[in-house]
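Participant: Input: one structure, supplied below.
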Amino acid sequence: MSYIHVDNVVKEFKVVRREKGLKNALKSLFRREYETVTAVDHISFEIGKGELVGYIGPNGAGKSTTIKMLSGILVPTAGTITVDGFIPHLNREENARRIGVVFGQRSSLEWDLPMEETFDLFQKIYRIDEKVYKRNVEFYVELFEMQSFLKRPVRQLSLGQKMRAEIAVALLHDPEILYLDEPTIGLDVVAKNQIRQFIKEINSEKKITLMLTTHDMDDIEQICERIIMIDKGKVLYDGSLEKFKEKYGGEYTVTVDFAQAEEGREVDPRLKLVSDEGNRKVYAAHRSIIETTDALRYFIDNFEVSHLNIREADIEDVVRNAYVKG
């Protein structure tokens, strides 16, 4: 049964039409012309309780607009959204109790307050029962390893520490759903890996439904089993990450170090030569034409080789290919 239900949703914005030139700029001061921009264009998807879903797309694809509609901040122009049976924008208070939202580029923390006092502030905002509050503070302080910076003002925290604090605060009131918008943006490699691990633990320990938007494809590959891809306001793909790779990936290269010169000798036409450096050659292929194991076996059986290496297309290559194919 779906927990988040999005059915044929459209979101349009009315924006001022801007034209080049001083004359048009002066004209717009007295009479503005508007145009309609479609940010989300008839999208539909369902997310089950406890799922961890990646929601990806280029800038301007409609990801943040979708999150804002799910949060009840924006009202759909058309279509319906329900979260656990509630329509977010018509039941804002009830919806707010059920969700946590973290925007990687917009902080919800008070810069001059230490985290201890920030927790107290959010207890009052969400009217969290004292027993629940103490239990959750203890749990998330330990999970996110926050003991060392609880007494420091937020402005003195590193980006990784701030993000841990943001997520902890968003979870303080026991939401059933967590929307994460670019949670690893600007973080170093170590901090990114910590946040990814924390996200997986939250989903596993608390069974919280998680929807993650990000431009970092390593986030998707390390965290999500299912992805929804959106572009120009439309859903391009909705399914497992593995099937996504099968559908839009499949390209790979074989680097071969020949034991002796093989100039002029023909190679299986399914393997395209893309780099020639003497005895080292690189061939490109696609798994739909020849499997990686067959390519390796071909070189081993037909040539004297000193080294073989297969490089599969990484997740960014696969995503790029998906956008090109549309």
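If you're wondering about the labels, chains in the structure tokens are A, B, ... by order shown, residues count from 1 in each chain, ligands from 1 in order shown.
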Write out as a PyMOL selection string the residues lying within 12 Å of Glu117 (chain A), counting only C-alpha atoms and excluding same-chain residues fewer than 2 positions away.

Facilitator: chain A and resi 109-115+119-124+137+150-154+169

Participant: Would you mind telling me which residue in A:Lys192, A:Val37, A:Gly62, A:Arg17 lies nearest to Lys234 (chain A) when using only C-alpha atoms?

Facilitator: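 Distance minimum relative to Lys234 (chain A) lands on A:Gly62.
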
Participant: For a quick check of understanding, using only C-alpha atoms, which of A:Glu251, A:Glu201, A:Glu46, A:Glu94 has the smallest distance to Asp317 (chain A)?

Facilitator: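 Smallest distance to Asp317 (chain A) is found for A:Glu251.
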
Participant: Considering only C-alpha atoms, can you say which of A:Met229, A:Ile220, A:Ile81, A:Leu74 comes closest to Gly57 (chain A)?

Facilitator: A:Met229

Participant: Pick the closest to Lys49 (chain A) from A:Ser2, A:Ser71, A:Thr65, A:Asn95: which is it, counting only C-alpha atoms?

Facilitator: A:Ser2

Participant: With only C-alpha atoms as the atoms that count, which of A:Thr214, A:Thr184, A:Gln105, A:Asn203 lies nearest to Ala61 (chain A)?

Facilitator: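 Using only C-alpha atoms, the shortest distance to Ala61 (chain A) belongs to A:Thr214.
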
Participant: Could you state the separation of CA of Ile208 (chain A) and CA of Asp174 (chain A) in Å, given to one decimal place?

Facilitator: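 Interatomic distance here is 9.0 Å.
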
Participant: Apply DSSP to the structure's backbone, then extract all residues of region 219-272 of chain A labelled helix (DSSP H, G or I) and return them as a list in words.

Facilitator: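 Secondary structure check on region 219-272 of chain A, helix (DSSP H, G or I): Asp219, Ile220, Glu221, Gln222, Ile223, Leu241, Glu242, Lys243, Phe244, Lys245, Glu246, Lys247 and Tyr248 of chain A.
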
Participant: Could you please take those selected residues and save N, CA and C atoms as an mmCIF file, in the first residue's frame?

Facilitator:
```cif
data_model
loop_
_atom_site.group_PDB
_atom_site.id
_atom_site.type_symbol
_atom_site.label_atom_id
_atom_site.label_comp_id
_atom_site.auth_asym_id
_atom_site.auth_seq_id
_atom_site.Cartn_x
_atom_site.Cartn_y
_atom_site.Cartn_z
ATOM 1 N N ASP A 219 25.777 9.470 -3.741
ATOM 2 C CA ASP A 219 24.715 9.384 -2.726
ATOM 3 C C ASP A 219 23.696 8.326 -3.139
ATOM 4 N N ILE A 220 23.274 8.422 -4.390
ATOM 5 C CA ILE A 220 22.253 7.514 -4.910
ATOM 6 C C ILE A 220 22.760 6.080 -4.917
ATOM 7 N N GLU A 221 23.965 5.885 -5.431
ATOM 8 C CA GLU A 221 24.498 4.531 -5.577
ATOM 9 C C GLU A 221 24.728 3.864 -4.232
ATOM 10 N N GLN A 222 25.127 4.643 -3.221
ATOM 11 C CA GLN A 222 25.449 4.058 -1.922
ATOM 12 C C GLN A 222 24.247 3.941 -0.994
ATOM 13 N N ILE A 223 23.184 4.695 -1.269
ATOM 14 C CA ILE A 223 22.059 4.741 -0.332
ATOM 15 C C ILE A 223 20.795 4.080 -0.876
ATOM 16 N N LEU A 241 17.476 0.739 -8.963
ATOM 17 C CA LEU A 241 18.742 1.270 -9.453
ATOM 18 C C LEU A 241 19.416 0.275 -10.391
ATOM 19 N N GLU A 242 19.322 -1.012 -10.061
ATOM 20 C CA GLU A 242 19.955 -2.033 -10.892
ATOM 21 C C GLU A 242 19.344 -2.071 -12.291
ATOM 22 N N LYS A 243 18.007 -2.010 -12.374
ATOM 23 C CA LYS A 243 17.353 -2.032 -13.686
ATOM 24 C C LYS A 243 17.625 -0.744 -14.462
ATOM 25 N N PHE A 244 17.799 0.350 -13.725
ATOM 26 C CA PHE A 244 18.158 1.627 -14.350
ATOM 27 C C PHE A 244 19.513 1.504 -15.041
ATOM 28 N N LYS A 245 20.465 0.888 -14.337
ATOM 29 C CA LYS A 245 21.797 0.680 -14.922
ATOM 30 C C LYS A 245 21.726 -0.231 -16.141
ATOM 31 N N GLU A 246 20.876 -1.252 -16.050
ATOM 32 C CA GLU A 246 20.725 -2.173 -17.180
ATOM 33 C C GLU A 246 20.117 -1.465 -18.392
ATOM 34 N N LYS A 247 19.155 -0.583 -18.128
ATOM 35 C CA LYS A 247 18.440 0.094 -19.215
ATOM 36 C C LYS A 247 19.295 1.156 -19.893
ATOM 37 N N TYR A 248 19.994 1.965 -19.081
ATOM 38 C CA TYR A 248 20.719 3.102 -19.642
ATOM 39 C C TYR A 248 22.241 2.936 -19.620
#
```

Participant: Nearest residue to Phe13 (chain A) out of A:Val40, A:Ile47, A:Glu33, A:Pro88, using only C-alpha atoms?

Facilitator: A:Val40

Participant: Could you pull out the residues in region 28-85 of chain A that DSSP calls strand (DSSP E or B) from the backbone, as a PyMOL selection string?

Facilitator: chain A and resi 34-48+52-56+78-83

Participant: Report, in Å to a single decimal, how far apart CA of Met163 (chain A) and CA of Phe149 (chain A) are.

Facilitator: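 Distance between the two atoms: 12.6 Å.
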
Participant: How many Å lie between CA of Leu178 (chain A) and CA of Ser107 (chain A), rounded to one decimal?

Facilitator: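 Result for CA of Leu178 (chain A) versus CA of Ser107 (chain A): 15.5 Å, one decimal.
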
Participant: Neighbouring residues of Arg311 (chain A) were defined as those with any atom within 8 Å, considering only C-alpha atoms; residues of the same chain fewer than 4 positions away were excluded. Please report them as a list in words.

Facilitator: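 Skipping anything fewer than 4 positions along the chain leaves Tyr252, Thr253 and Val254 of chain A.
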
Participant: Leaving out region 256-269 of chain A and any residue of its chain fewer than 3 positions from it, which residues lie within 12 Å of it when counting only C-alpha atoms, given as JSON, numbers by chain?

Facilitator: {"A": [253, 272, 273, 274, 275, 276, 277, 278, 279, 280, 281, 282, 283, 284, 285, 286, 289, 290, 294, 295, 296, 297, 298, 299, 300, 302, 303, 304, 305, 306, 307, 308, 309, 310, 311]}
